[in-house]
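Engineer: File protein21.csv below, CSV, C-alpha atoms and all ligand atoms:
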chain,number,residue,atom,x,y,z
A,1,MET,CA,18.7,19.7,22.8
A,2,THR,CA,16.4,16.8,23.3
A,3,ASP,CA,14.6,16.8,26.6
A,4,SER,CA,12.8,13.5,26.7
A,5,SER,CA,12.4,13.5,30.4
A,6,LYS,CA,10.0,16.5,30.6
A,7,LYS,CA,6.4,15.5,30.9
A,8,ILE,CA,4.2,16.5,28.1
A,9,GLN,CA,0.7,17.7,28.9
A,10,LEU,CA,-1.1,15.2,26.8
A,11,LYS,CA,-4.4,16.0,28.4
A,12,ARG,CA,-4.5,19.0,26.2
A,13,LEU,CA,-4.0,16.8,23.2
A,14,TYR,CA,-6.9,14.5,24.2
A,15,ALA,CA,-9.2,17.4,24.8
A,16,TRP,CA,-8.3,18.8,21.4
A,17,TYR,CA,-8.8,15.4,19.8
A,18,ALA,CA,-12.2,15.0,21.4
A,19,ARG,CA,-13.3,18.4,20.0
A,20,ASN,CA,-11.7,18.1,16.5
A,21,LYS,CA,-11.5,14.5,15.5
A,22,ARG,CA,-12.9,13.6,12.1
A,23,ASP,CA,-16.0,11.4,12.2
A,24,LEU,CA,-14.8,8.2,10.5
A,25,PRO,CA,-16.6,4.9,10.6
A,26,PHE,CA,-13.7,2.9,12.0
A,27,ARG,CA,-13.6,5.3,15.0
A,28,HIS,CA,-17.0,4.0,16.1
A,29,THR,CA,-16.0,0.4,16.6
A,30,ARG,CA,-13.9,-1.7,18.8
A,31,ASP,CA,-14.1,-4.6,16.3
A,32,ALA,CA,-10.5,-5.6,15.7
A,33,TYR,CA,-11.2,-6.8,12.2
A,34,ARG,CA,-12.8,-3.6,11.0
A,35,ILE,CA,-10.0,-1.5,12.6
A,36,TRP,CA,-7.4,-3.8,11.0
A,37,VAL,CA,-8.9,-3.4,7.5
A,38,SER,CA,-9.0,0.4,7.9
A,39,GLU,CA,-5.4,0.5,9.1
A,40,VAL,CA,-4.2,-1.6,6.2
A,41,MET,CA,-6.1,0.5,3.7
A,42,LEU,CA,-4.9,3.7,5.1
A,43,GLN,CA,-1.2,2.8,4.9
A,44,GLN,CA,-0.8,4.0,1.4
A,45,THR,CA,-4.2,5.7,0.7
A,46,ARG,CA,-5.8,8.9,1.7
A,47,VAL,CA,-8.9,8.8,3.9
A,48,ALA,CA,-11.2,10.3,1.3
A,49,ALA,CA,-10.1,7.8,-1.4
A,50,MET,CA,-10.2,4.9,1.0
A,51,LEU,CA,-13.7,5.4,2.6
A,52,PRO,CA,-16.0,4.2,-0.2
A,53,ARG,CA,-13.8,1.2,-0.7
A,54,TYR,CA,-13.7,0.4,3.0
A,55,THR,CA,-17.5,0.4,3.2
A,56,GLU,CA,-17.8,-1.8,0.1
A,57,PHE,CA,-15.0,-4.2,1.3
A,58,LEU,CA,-16.7,-4.7,4.6
A,59,ARG,CA,-20.0,-5.3,2.9
A,60,ARG,CA,-18.5,-8.1,0.9
A,61,PHE,CA,-16.3,-9.4,3.7
A,62,PRO,CA,-18.0,-8.6,6.9
A,63,ASP,CA,-15.7,-10.7,9.1
A,64,ILE,CA,-12.4,-12.6,9.2
A,65,GLU,CA,-14.2,-15.8,8.2
A,66,SER,CA,-15.8,-14.4,5.0
A,67,LEU,CA,-12.5,-12.8,4.0
A,68,ALA,CA,-10.6,-16.1,4.6
A,69,ALA,CA,-13.2,-18.1,2.6
A,70,ALA,CA,-12.9,-15.8,-0.5
A,71,GLY,CA,-10.6,-16.6,-3.4
A,72,GLU,CA,-7.6,-14.4,-3.9
A,73,GLU,CA,-8.9,-13.0,-7.2
A,74,THR,CA,-12.1,-11.9,-5.5
A,75,VAL,CA,-10.2,-10.1,-2.7
A,76,LEU,CA,-7.9,-8.4,-5.2
A,77,ARG,CA,-10.9,-7.3,-7.2
A,78,ALA,CA,-12.4,-5.8,-4.1
A,79,TRP,CA,-9.1,-4.0,-3.5
A,80,GLN,CA,-9.2,-2.4,-7.0
A,81,GLY,CA,-8.3,1.3,-7.0
A,82,LEU,CA,-6.4,1.1,-3.7
A,83,GLY,CA,-3.1,-0.1,-5.3
A,84,TYR,CA,-0.2,-1.7,-3.5
A,85,TYR,CA,-1.9,-5.1,-3.8
A,86,SER,CA,0.6,-6.9,-1.5
A,87,ARG,CA,-1.5,-5.3,1.3
A,88,ALA,CA,-4.6,-7.1,0.1
A,89,ARG,CA,-2.7,-10.4,-0.3
A,90,ASN,CA,-1.2,-10.1,3.2
A,91,LEU,CA,-4.6,-9.2,4.7
A,92,HIS,CA,-6.2,-12.3,3.0
A,93,ARG,CA,-3.4,-14.6,4.0
A,94,ALA,CA,-3.5,-13.3,7.6
A,95,ALA,CA,-7.2,-13.8,7.7
A,96,ARG,CA,-6.7,-17.5,6.7
A,97,ILE,CA,-4.1,-17.9,9.5
A,98,MET,CA,-6.5,-16.4,12.0
A,99,VAL,CA,-9.2,-18.8,11.0
A,100,ALA,CA,-6.8,-21.8,11.2
A,101,GLN,CA,-5.0,-20.8,14.4
A,102,HIS,CA,-6.9,-18.2,16.4
A,103,GLN,CA,-10.6,-19.2,16.1
A,104,ALA,CA,-11.1,-16.5,13.4
A,105,ARG,CA,-10.2,-13.7,15.8
A,106,PHE,CA,-7.6,-11.1,15.6
A,107,PRO,CA,-5.2,-12.2,18.4
A,108,GLU,CA,-4.9,-10.1,21.6
A,109,GLU,CA,-1.2,-10.9,22.3
A,110,TYR,CA,1.3,-8.7,20.5
A,111,ALA,CA,3.7,-11.6,19.9
A,112,ALA,CA,0.9,-13.7,18.4
A,113,VAL,CA,-0.1,-10.9,16.0
A,114,ARG,CA,3.5,-10.2,14.9
A,115,ALA,CA,4.0,-13.9,14.2
A,116,ILE,CA,1.4,-13.6,11.4
A,117,HIS,CA,3.2,-12.9,8.2
A,118,GLY,CA,2.4,-9.5,6.8
A,119,ILE,CA,1.4,-7.7,10.0
A,120,GLY,CA,4.0,-5.2,10.9
A,121,PRO,CA,4.7,-3.4,14.2
A,122,TYR,CA,2.6,-0.4,13.2
A,123,THR,CA,-0.6,-2.4,12.4
A,124,ALA,CA,-0.2,-4.6,15.4
A,125,ALA,CA,0.1,-1.7,17.8
A,126,ALA,CA,-2.7,0.3,16.1
A,127,VAL,CA,-5.2,-2.6,16.2
A,128,LEU,CA,-4.3,-3.9,19.7
A,129,SER,CA,-4.6,-0.4,21.2
A,130,MET,CA,-7.8,0.6,19.4
A,131,ALA,CA,-9.6,-2.7,19.7
A,132,TYR,CA,-8.3,-4.1,23.0
A,133,GLY,CA,-6.9,-1.0,24.8
A,134,ALA,CA,-3.4,-2.4,24.9
A,135,PRO,CA,-0.7,0.2,25.5
A,136,TYR,CA,1.4,-0.2,22.3
A,137,ALA,CA,2.6,3.0,20.6
A,138,ALA,CA,1.7,3.0,16.9
A,139,LEU,CA,4.4,4.6,14.9
A,140,ASP,CA,3.4,5.9,11.5
A,141,GLY,CA,4.8,8.8,9.4
A,142,ASN,CA,2.6,11.3,11.3
A,143,VAL,CA,3.6,10.1,14.7
A,144,ARG,CA,7.2,10.0,13.7
A,145,ARG,CA,7.0,13.6,12.7
A,146,VAL,CA,5.1,14.7,15.9
A,147,THR,CA,7.5,12.9,18.2
A,148,ALA,CA,10.6,14.2,16.5
A,149,ARG,CA,9.3,17.7,17.0
A,150,LEU,CA,8.0,17.3,20.5
A,151,PHE,CA,11.3,16.0,21.7
A,152,ALA,CA,13.4,18.0,19.2
A,153,SER,CA,15.1,14.7,18.2
A,154,ARG,CA,17.4,14.6,15.2
A,155,THR,CA,17.4,10.8,15.1
A,156,THR,CA,16.8,8.9,11.8
A,157,ALA,CA,16.8,5.5,13.6
A,158,GLU,CA,13.5,3.7,13.7
A,159,ARG,CA,14.3,2.2,17.1
A,160,GLU,CA,14.8,5.7,18.6
A,161,PHE,CA,11.5,6.9,17.1
A,162,GLN,CA,9.8,3.9,18.6
A,163,SER,CA,11.4,4.7,22.0
A,164,LEU,CA,10.1,8.3,21.9
A,165,ALA,CA,6.6,7.1,20.9
A,166,ASP,CA,6.8,4.6,23.8
A,167,GLN,CA,7.7,7.4,26.2
A,168,LEU,CA,4.7,9.4,25.1
A,169,MET,CA,2.5,6.3,25.6
A,170,ASP,CA,3.8,6.0,29.1
A,171,MET,CA,2.9,9.7,29.8
A,172,ARG,CA,-0.7,9.1,28.9
A,173,GLY,CA,-2.0,8.7,32.4
A,174,ARG,CA,-5.5,7.2,32.4
A,175,ALA,CA,-6.2,7.9,28.8
A,176,ASP,CA,-7.2,5.0,26.6
A,177,PRO,CA,-4.2,3.8,24.5
A,178,GLY,CA,-6.3,3.7,21.3
A,179,VAL,CA,-7.4,7.3,21.8
A,180,HIS,CA,-3.8,8.3,22.6
A,181,ASN,CA,-2.5,6.8,19.3
A,182,GLN,CA,-5.3,8.2,17.2
A,183,ALA,CA,-5.0,11.7,18.8
A,184,LEU,CA,-1.3,11.8,17.9
A,185,MET,CA,-2.0,10.6,14.3
A,186,GLU,CA,-4.8,13.2,14.0
A,187,LEU,CA,-2.5,15.9,15.2
A,188,GLY,CA,0.1,14.8,12.6
A,189,SER,CA,-2.3,14.7,9.8
A,190,THR,CA,-4.2,18.0,10.5
A,191,LEU,CA,-1.9,20.4,12.4
A,192,CYS,CA,1.6,19.1,12.7
A,193,LEU,CA,2.0,19.1,8.9
A,194,PRO,CA,5.3,18.4,7.1
A,195,THR,CA,6.0,21.8,5.6
A,196,ASN,CA,3.5,24.2,7.2
A,197,PRO,CA,2.7,23.1,10.8
A,198,ARG,CA,-0.1,25.1,12.4
A,199,CYS,CA,1.8,25.4,15.7
A,200,VAL,CA,-0.2,28.4,16.9
A,201,GLN,CA,-3.3,26.2,17.0
A,202,CYS,CA,-1.5,23.2,18.4
A,203,PRO,CA,-2.6,22.0,21.8
A,204,LEU,CA,1.0,20.8,22.6
A,205,ARG,CA,2.8,24.0,21.5
A,206,LEU,CA,3.9,24.9,25.1
A,207,ASP,CA,5.5,21.5,25.5
A,208,CYS,CA,6.9,21.1,22.0
A,209,ASN,CA,10.7,21.4,22.2
A,210,ALA,CA,11.1,22.1,18.4
A,211,TYR,CA,8.6,24.9,18.5
A,212,GLN,CA,9.8,26.4,21.7
A,213,GLN,CA,13.4,26.5,20.5
A,214,GLY,CA,12.8,27.8,17.0
A,215,GLY,CA,9.2,28.5,16.3
A,216,VAL,CA,7.6,27.2,13.1
A,217,THR,CA,10.9,27.7,11.2
A,218,GLY,CA,12.6,25.5,13.7
A,219,ALA,CA,9.8,22.9,13.8
A,220,VAL,CA,10.0,22.1,10.1
A,221,THR,CA,13.6,21.1,10.4
A,222,TYR,CA,12.4,18.0,12.2
A,223,PRO,CA,12.4,15.1,11.6
A,224,VAL,CA,15.8,15.0,9.8
A,225,ARG,CA,15.2,13.4,6.4
A,226,LYS,CA,17.0,10.3,5.3
A,227,PRO,CA,18.7,10.7,1.9
A,228,LYS,CA,16.1,9.8,-0.8
A,229,LYS,CA,16.4,6.7,-2.8
A,230,GLU,CA,17.5,7.6,-6.3
A,231,THR,CA,14.7,7.4,-8.9
A,232,ILE,CA,15.2,4.7,-11.5
A,233,GLU,CA,13.8,5.2,-15.0
A,234,VAL,CA,12.2,2.1,-16.4
A,235,GLU,CA,10.9,1.4,-19.9
A,236,MET,CA,8.0,-1.1,-19.9
A,237,TYR,CA,7.1,-2.6,-23.3
A,238,ILE,CA,3.6,-4.1,-23.0
A,239,TYR,CA,2.4,-6.6,-25.6
A,240,LEU,CA,-1.3,-7.2,-26.5
A,241,ILE,CA,-0.9,-10.6,-28.1
A,242,LYS,CA,-3.9,-12.0,-30.1
A,243,PRO,CA,-4.1,-15.6,-31.3
A,244,GLU,CA,-4.9,-16.3,-34.9
A,245,ASN,CA,-8.5,-15.6,-35.8
A,246,ASP,CA,-9.3,-14.6,-32.3
A,247,GLN,CA,-10.0,-11.2,-30.7
A,248,ARG,CA,-9.0,-12.2,-27.2
A,249,ILE,CA,-5.7,-11.1,-25.7
A,250,LEU,CA,-3.1,-13.0,-23.7
A,251,LEU,CA,-2.7,-12.3,-19.9
A,252,VAL,CA,0.0,-13.7,-17.7
A,253,ARG,CA,0.4,-14.0,-13.9
A,254,GLU,CA,3.7,-14.8,-12.2
A,255,SER,CA,4.9,-14.9,-8.6
A,256,ASN,CA,8.4,-13.5,-9.6
A,257,SER,CA,7.2,-10.6,-11.6
A,258,ARG,CA,9.2,-7.5,-10.7
A,259,PHE,CA,6.2,-5.2,-10.1
A,260,LEU,CA,3.1,-7.3,-10.5
A,261,GLN,CA,3.6,-10.4,-8.4
A,262,ASN,CA,0.7,-12.8,-8.7
A,263,LEU,CA,-1.4,-10.2,-10.6
A,264,TRP,CA,-2.8,-10.7,-14.0
A,265,PHE,CA,-1.2,-8.4,-16.5
A,266,TYR,CA,-0.1,-8.2,-20.1
A,267,PRO,CA,3.1,-9.9,-21.1
A,268,HIS,CA,5.8,-7.3,-20.9
A,269,ARG,CA,9.5,-6.6,-21.0
A,270,LEU,CA,11.4,-4.1,-18.7
A,271,GLU,CA,14.5,-2.1,-19.4
A,272,PHE,CA,16.1,-0.3,-16.5
A,273,ALA,CA,18.1,2.9,-17.1
A,274,ASN,CA,20.6,1.8,-14.3
A,275,GLY,CA,21.4,-1.4,-16.2
A,276,ALA,CA,19.5,-3.7,-13.8
A,277,THR,CA,18.1,-6.8,-15.5
A,278,ASP,CA,14.6,-8.3,-15.2
A,279,ARG,CA,15.0,-11.8,-14.1
A,280,ALA,CA,11.3,-12.7,-14.3
A,281,GLN,CA,10.3,-15.7,-16.3
A,282,GLU,CA,7.9,-13.4,-18.2
A,283,THR,CA,10.7,-11.8,-20.2
A,284,ARG,CA,12.1,-15.2,-21.2
A,285,SER,CA,8.7,-16.5,-22.2
A,286,LEU,CA,8.0,-13.4,-24.3
A,287,THR,CA,11.3,-13.7,-26.1
A,288,ALA,CA,10.4,-17.3,-27.0
A,289,LEU,CA,6.9,-16.3,-28.2
A,290,GLU,CA,8.4,-13.8,-30.7
A,291,ALA,CA,9.2,-16.8,-33.0
A,292,ASN,CA,5.5,-17.1,-33.7
A,293,TRP,CA,4.6,-13.5,-34.4
A,294,ARG,CA,3.0,-12.9,-37.8
A,295,LYS,CA,4.6,-9.6,-38.2
A,296,MET,CA,6.5,-7.0,-36.2
A,297,PRO,CA,4.4,-5.5,-33.3
A,298,ARG,CA,2.6,-2.3,-34.0
A,299,LYS,CA,3.3,0.3,-31.4
A,300,LEU,CA,0.6,2.7,-30.3
A,301,ALA,CA,1.4,6.3,-30.5
A,302,HIS,CA,0.4,7.1,-26.9
A,303,THR,CA,2.7,6.2,-24.0
A,304,PHE,CA,2.0,6.6,-20.3
A,305,LYS,CA,3.9,7.3,-17.1
A,306,HIS,CA,3.5,5.5,-13.9
A,307,SER,CA,5.5,5.3,-10.6
A,308,ILE,CA,6.0,2.3,-8.4
A,309,THR,CA,8.1,3.0,-5.3
A,310,HIS,CA,11.2,4.8,-6.6
A,311,HIS,CA,10.8,3.5,-10.2
A,312,ARG,CA,9.5,5.9,-12.8
A,313,ILE,CA,8.0,3.8,-15.6
A,314,THR,CA,7.4,4.9,-19.2
A,315,GLY,CA,5.0,2.4,-20.7
A,316,SER,CA,4.5,1.7,-24.4
A,317,ILE,CA,1.9,-0.7,-25.8
A,318,HIS,CA,2.4,-2.9,-28.8
A,319,LEU,CA,-0.2,-4.9,-30.7
A,320,VAL,CA,0.9,-8.3,-31.8
A,321,GLN,CA,-0.8,-10.9,-34.0
A,322,SER,CA,0.4,-14.4,-33.2
A,323,LYS,CA,0.5,-17.2,-35.9
A,324,LEU,CA,-0.7,-19.7,-33.3
A,325,LYS,CA,-4.4,-20.5,-32.7
A,326,ALA,CA,-5.7,-20.0,-29.2
A,327,GLU,CA,-5.2,-23.6,-27.9
A,328,GLN,CA,-1.7,-23.8,-29.4
A,329,LEU,CA,-0.7,-20.4,-28.0
A,330,LEU,CA,-1.8,-21.3,-24.5
A,331,ARG,CA,-0.1,-24.7,-24.8
A,332,THR,CA,3.1,-23.1,-25.9
A,333,CYS,CA,3.0,-20.6,-23.1
A,334,GLY,CA,2.4,-23.4,-20.6
A,335,ASN,CA,5.4,-25.3,-22.0
A,336,LEU,CA,7.6,-22.2,-21.9
A,337,SER,CA,6.9,-21.3,-18.4
A,338,ALA,CA,7.0,-24.9,-17.0
A,339,GLY,CA,4.3,-24.1,-14.4
A,340,GLN,CA,5.9,-20.9,-13.1
A,341,GLN,CA,3.3,-18.7,-14.7
A,342,ASP,CA,-0.4,-18.8,-15.4
A,343,TRP,CA,-1.8,-17.7,-18.8
A,344,GLN,CA,-5.2,-17.0,-20.0
A,345,LEU,CA,-7.0,-15.4,-23.0
A,346,VAL,CA,-9.5,-12.7,-22.2
A,347,ALA,CA,-11.8,-10.6,-24.3
A,348,LEU,CA,-10.7,-7.0,-24.2
A,349,GLU,CA,-13.9,-5.8,-22.7
A,350,ASP,CA,-13.4,-8.3,-19.8
A,351,VAL,CA,-9.8,-7.3,-19.1
A,352,SER,CA,-10.8,-5.0,-16.2
A,353,ALA,CA,-12.2,-7.9,-14.2
A,354,HIS,CA,-8.8,-9.6,-14.3
A,355,VAL,CA,-6.2,-6.8,-14.6
A,356,VAL,CA,-6.8,-4.9,-11.3
A,357,SER,CA,-3.5,-3.1,-10.7
A,358,SER,CA,-3.4,0.7,-11.1
A,359,ILE,CA,-0.8,0.3,-13.9
A,360,GLY,CA,-3.4,-1.9,-15.6
A,361,SER,CA,-5.9,0.9,-15.5
A,362,LYS,CA,-3.4,3.2,-17.1
A,363,VAL,CA,-3.0,0.7,-19.9
A,364,ARG,CA,-6.7,0.7,-20.4
A,365,HIS,CA,-7.0,4.5,-20.5
A,366,THR,CA,-4.1,4.7,-22.9
A,367,LEU,CA,-5.8,2.2,-25.2
A,368,ALA,CA,-9.1,4.1,-25.0
A,369,ARG,CA,-7.2,7.4,-25.8
A,370,SER,CA,-5.5,5.8,-28.7
A,371,GLY,CA,-8.7,4.3,-30.1
A,372,ALA,CA,-6.5,1.5,-31.3
A,373,VAL,CA,-8.6,-1.5,-30.1
B,401,LIG,S1,3.9,22.9,18.2
B,401,LIG,FE1,4.0,22.7,16.0
B,401,LIG,S2,5.7,21.3,15.6
B,401,LIG,FE2,5.1,21.1,17.8
B,401,LIG,S3,3.7,19.4,17.8
B,401,LIG,FE3,2.5,21.2,17.6
B,401,LIG,S4,2.2,21.5,15.4
B,401,LIG,FE4,3.9,20.1,15.7
Just give me the structure of the file as structure tokens.
Ligand code: SF4
Structural biologist:
Amino acid sequence: MTDSSKKIQLKRLYAWYARNKRDLPFRHTRDAYRIWVSEVMLQQTRVAAMLPRYTEFLRRFPDIESLAAAGEETVLRAWQGLGYYSRARNLHRAARIMVAQHQARFPEEYAAVRAIHGIGPYTAAAVLSMAYGAPYAALDGNVRRVTARLFASRTTAEREFQSLADQLMDMRGRADPGVHNQALMELGSTLCLPTNPRCVQCPLRLDCNAYQQGGVTGAVTYPVRKPKKETIEVEMYIYLIKPENDQRILLVRESNSRFLQNLWFYPHRLEFANGATDRAQETRSLTALEANWRKMPRKLAHTFKHSITHHRITGSIHLVQSKLKAEQLLRTCGNLSAGQQDWQLVALEDVSAHVVSSIGSKVRHTLARSGAV
């Protein structure tokens, strides 16, 4: 049974955190911008993979103003390798809003932060607590797991998780809210692990309802999992289209692209195993371009696999020679898409400067492996 009224001895957690915390650069600062960037990067990326990019990102964009002043392409390029590019786009857009409306500062009021498009409740709470010492409980996957176990709660409702995390925040006594949030996250990522929690070493084991009721075997039954989203198989047909007498290839960028919104990528077509249709303009433009192909596309022998959210993509690459010269091809593309897409021709060796997505890297590796171009 959940006993959320019992006071949890969080002092033990803070003492454990002080002794065991990993030495990370964003833990040595109260600068809201630096903490914000670290939190956004860490949302889908492991610490080890994120650290070198974090340092480099801050070198290029040392403050909100420099980030806001940069072009989107430059920011996306600096994000290369981290994936989930909507994070970079939101970060960039939010920086511009902060320059325009908040004197280039990360606001100190929760409501003002949440009013900025792209900053969710977790990021707002994490940054406000760590930078300004505001008592907002940051609820990420680690904290969700720790709280569910501490309170032996079988909830799957986000609001209930938040309420448990808020209760813990209220129990912190004189501890700094930022330290409190970080200590819980650290516990979740180092001891309170999803499948093999190290309860014997845990500073909160005496207060942990799940452990006290059922030991480690009981603890791993929390939190209760929501049914997983069904995986959807997707075939992605990628076209490397060259104009007549030209070695460059065509790239497209579209805001309605299913997986690659506003990112440069190769023209492609998607087929979904569950019968869903791809409504992006890209597909329609590609169909119209086929009228100008010199001969049928040549398919490369190698394919690649890639996952985006619950979609499992099988990618195949096709080489295409267009009958149109460069100028004509670009003009045709522009007419087809009526301003809804951008197009450009790029030499193959320069593609990596434009195609920054992780699926784009897979295409490049597949091309290199095939030795086709
Ligand atoms: S005792 Fe185990 S389950 Fe409970 S908080 Fe600690 S590590 Fe997690």
Engineer: Can you work out the spacing between atom CA of Val37 of chain A and atom CA of Gln167 of chain A in Å, to one decimal?
Structural biologist: 27.2 Å
Engineer: Write out as CSV the residues of segment 135-245 of chain A that have any atom within 12 Å of an atom of segment 107-115 of chain A, one row each with the nearest atom pair and its distance in Å to one decimal, counting all atoms listed in the file, sorted by chain and then rising number.
Structural biologist:
residue,atom,partner,partner_atom,distance
A:Pro135,CA,A:Tyr110,CA,10.4
A:Tyr136,CA,A:Tyr110,CA,8.7
A:Ala137,CA,A:Tyr110,CA,11.8
Engineer: Would you write out those residues with C-alpha atoms, as a PDB file, keeping the file's coordinate frame?
Structural biologist:
ATOM      1  CA  PRO A 135      -0.700   0.200  25.500  1.00  0.00           C
ATOM      2  CA  TYR A 136       1.400  -0.200  22.300  1.00  0.00           C
ATOM      3  CA  ALA A 137       2.600   3.000  20.600  1.00  0.00           C
TER       4      ALA A 137
END
Engineer: Give me, as JSON lines, the closest atom pair and its distance (Å, one decimal) for every residue of chain A within a cut-off of 12 Å of ligand LIG 401 (chain B), counting only C-alpha atoms and all ligand atoms, rows sorted by chain and rising number.
Structural biologist:
{"residue": "A:Ile8", "atom": "CA", "partner": "B:LIG401", "partner_atom": "S3", "distance": 10.7}
{"residue": "A:Gln9", "atom": "CA", "partner": "B:LIG401", "partner_atom": "S3", "distance": 11.6}
{"residue": "A:Leu10", "atom": "CA", "partner": "B:LIG401", "partner_atom": "S3", "distance": 11.0}
{"residue": "A:Arg12", "atom": "CA", "partner": "B:LIG401", "partner_atom": "FE3", "distance": 11.3}
{"residue": "A:Leu13", "atom": "CA", "partner": "B:LIG401", "partner_atom": "FE3", "distance": 9.6}
{"residue": "A:Trp16", "atom": "CA", "partner": "B:LIG401", "partner_atom": "FE3", "distance": 11.7}
{"residue": "A:Asn142", "atom": "CA", "partner": "B:LIG401", "partner_atom": "FE4", "distance": 9.9}
{"residue": "A:Val143", "atom": "CA", "partner": "B:LIG401", "partner_atom": "S3", "distance": 9.8}
{"residue": "A:Arg144", "atom": "CA", "partner": "B:LIG401", "partner_atom": "FE4", "distance": 10.8}
{"residue": "A:Arg145", "atom": "CA", "partner": "B:LIG401", "partner_atom": "FE4", "distance": 7.8}
{"residue": "A:Val146", "atom": "CA", "partner": "B:LIG401", "partner_atom": "S3", "distance": 5.3}
{"residue": "A:Thr147", "atom": "CA", "partner": "B:LIG401", "partner_atom": "S3", "distance": 7.5}
{"residue": "A:Ala148", "atom": "CA", "partner": "B:LIG401", "partner_atom": "S2", "distance": 8.7}
{"residue": "A:Arg149", "atom": "CA", "partner": "B:LIG401", "partner_atom": "S2", "distance": 5.3}
{"residue": "A:Leu150", "atom": "CA", "partner": "B:LIG401", "partner_atom": "FE2", "distance": 5.5}
{"residue": "A:Phe151", "atom": "CA", "partner": "B:LIG401", "partner_atom": "FE2", "distance": 8.9}
{"residue": "A:Ala152", "atom": "CA", "partner": "B:LIG401", "partner_atom": "FE2", "distance": 9.0}
{"residue": "A:Ser153", "atom": "CA", "partner": "B:LIG401", "partner_atom": "S2", "distance": 11.8}
{"residue": "A:Ala183", "atom": "CA", "partner": "B:LIG401", "partner_atom": "S3", "distance": 11.7}
{"residue": "A:Leu184", "atom": "CA", "partner": "B:LIG401", "partner_atom": "S3", "distance": 9.1}
{"residue": "A:Met185", "atom": "CA", "partner": "B:LIG401", "partner_atom": "S3", "distance": 11.1}
{"residue": "A:Glu186", "atom": "CA", "partner": "B:LIG401", "partner_atom": "S4", "distance": 10.9}
{"residue": "A:Leu187", "atom": "CA", "partner": "B:LIG401", "partner_atom": "S4", "distance": 7.3}
{"residue": "A:Gly188", "atom": "CA", "partner": "B:LIG401", "partner_atom": "FE4", "distance": 7.2}
{"residue": "A:Ser189", "atom": "CA", "partner": "B:LIG401", "partner_atom": "S4", "distance": 9.9}
{"residue": "A:Thr190", "atom": "CA", "partner": "B:LIG401", "partner_atom": "S4", "distance": 8.8}
{"residue": "A:Leu191", "atom": "CA", "partner": "B:LIG401", "partner_atom": "S4", "distance": 5.2}
{"residue": "A:Cys192", "atom": "CA", "partner": "B:LIG401", "partner_atom": "S4", "distance": 3.7}
{"residue": "A:Leu193", "atom": "CA", "partner": "B:LIG401", "partner_atom": "S4", "distance": 6.9}
{"residue": "A:Pro194", "atom": "CA", "partner": "B:LIG401", "partner_atom": "FE4", "distance": 8.9}
{"residue": "A:Thr195", "atom": "CA", "partner": "B:LIG401", "partner_atom": "S2", "distance": 10.0}
{"residue": "A:Asn196", "atom": "CA", "partner": "B:LIG401", "partner_atom": "S4", "distance": 8.7}
{"residue": "A:Pro197", "atom": "CA", "partner": "B:LIG401", "partner_atom": "S4", "distance": 4.9}
{"residue": "A:Arg198", "atom": "CA", "partner": "B:LIG401", "partner_atom": "S4", "distance": 5.2}
{"residue": "A:Cys199", "atom": "CA", "partner": "B:LIG401", "partner_atom": "FE1", "distance": 3.5}
{"residue": "A:Val200", "atom": "CA", "partner": "B:LIG401", "partner_atom": "S1", "distance": 7.0}
{"residue": "A:Gln201", "atom": "CA", "partner": "B:LIG401", "partner_atom": "S4", "distance": 7.4}
{"residue": "A:Cys202", "atom": "CA", "partner": "B:LIG401", "partner_atom": "FE3", "distance": 4.5}
{"residue": "A:Pro203", "atom": "CA", "partner": "B:LIG401", "partner_atom": "FE3", "distance": 6.7}
{"residue": "A:Leu204", "atom": "CA", "partner": "B:LIG401", "partner_atom": "FE3", "distance": 5.2}
{"residue": "A:Arg205", "atom": "CA", "partner": "B:LIG401", "partner_atom": "S1", "distance": 3.6}
{"residue": "A:Leu206", "atom": "CA", "partner": "B:LIG401", "partner_atom": "S1", "distance": 7.2}
{"residue": "A:Asp207", "atom": "CA", "partner": "B:LIG401", "partner_atom": "S1", "distance": 7.6}
{"residue": "A:Cys208", "atom": "CA", "partner": "B:LIG401", "partner_atom": "FE2", "distance": 4.6}
{"residue": "A:Asn209", "atom": "CA", "partner": "B:LIG401", "partner_atom": "FE2", "distance": 7.1}
{"residue": "A:Ala210", "atom": "CA", "partner": "B:LIG401", "partner_atom": "FE2", "distance": 6.1}
{"residue": "A:Tyr211", "atom": "CA", "partner": "B:LIG401", "partner_atom": "S1", "distance": 5.1}
{"residue": "A:Gln212", "atom": "CA", "partner": "B:LIG401", "partner_atom": "S1", "distance": 7.7}
{"residue": "A:Gln213", "atom": "CA", "partner": "B:LIG401", "partner_atom": "FE2", "distance": 10.3}
{"residue": "A:Gly214", "atom": "CA", "partner": "B:LIG401", "partner_atom": "S2", "distance": 9.7}
{"residue": "A:Gly215", "atom": "CA", "partner": "B:LIG401", "partner_atom": "FE1", "distance": 7.8}
{"residue": "A:Val216", "atom": "CA", "partner": "B:LIG401", "partner_atom": "FE1", "distance": 6.5}
{"residue": "A:Thr217", "atom": "CA", "partner": "B:LIG401", "partner_atom": "S2", "distance": 9.3}
{"residue": "A:Gly218", "atom": "CA", "partner": "B:LIG401", "partner_atom": "S2", "distance": 8.3}
{"residue": "A:Ala219", "atom": "CA", "partner": "B:LIG401", "partner_atom": "S2", "distance": 4.8}
{"residue": "A:Val220", "atom": "CA", "partner": "B:LIG401", "partner_atom": "S2", "distance": 7.0}
{"residue": "A:Thr221", "atom": "CA", "partner": "B:LIG401", "partner_atom": "S2", "distance": 9.5}
{"residue": "A:Tyr222", "atom": "CA", "partner": "B:LIG401", "partner_atom": "S2", "distance": 8.2}
{"residue": "A:Pro223", "atom": "CA", "partner": "B:LIG401", "partner_atom": "S2", "distance": 10.0}
Engineer: Calculated over all atoms listed in the file, which of the candidates A:Arg253, A:Lys228, A:Lys362, A:Arg269 has the smallest distance to His310 of chain A?
Structural biologist: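 Of A:Arg253, A:Lys228, A:Lys362, A:Arg269, the one nearest His310 of chain A, counting all atoms listed in the file, is A:Lys228.
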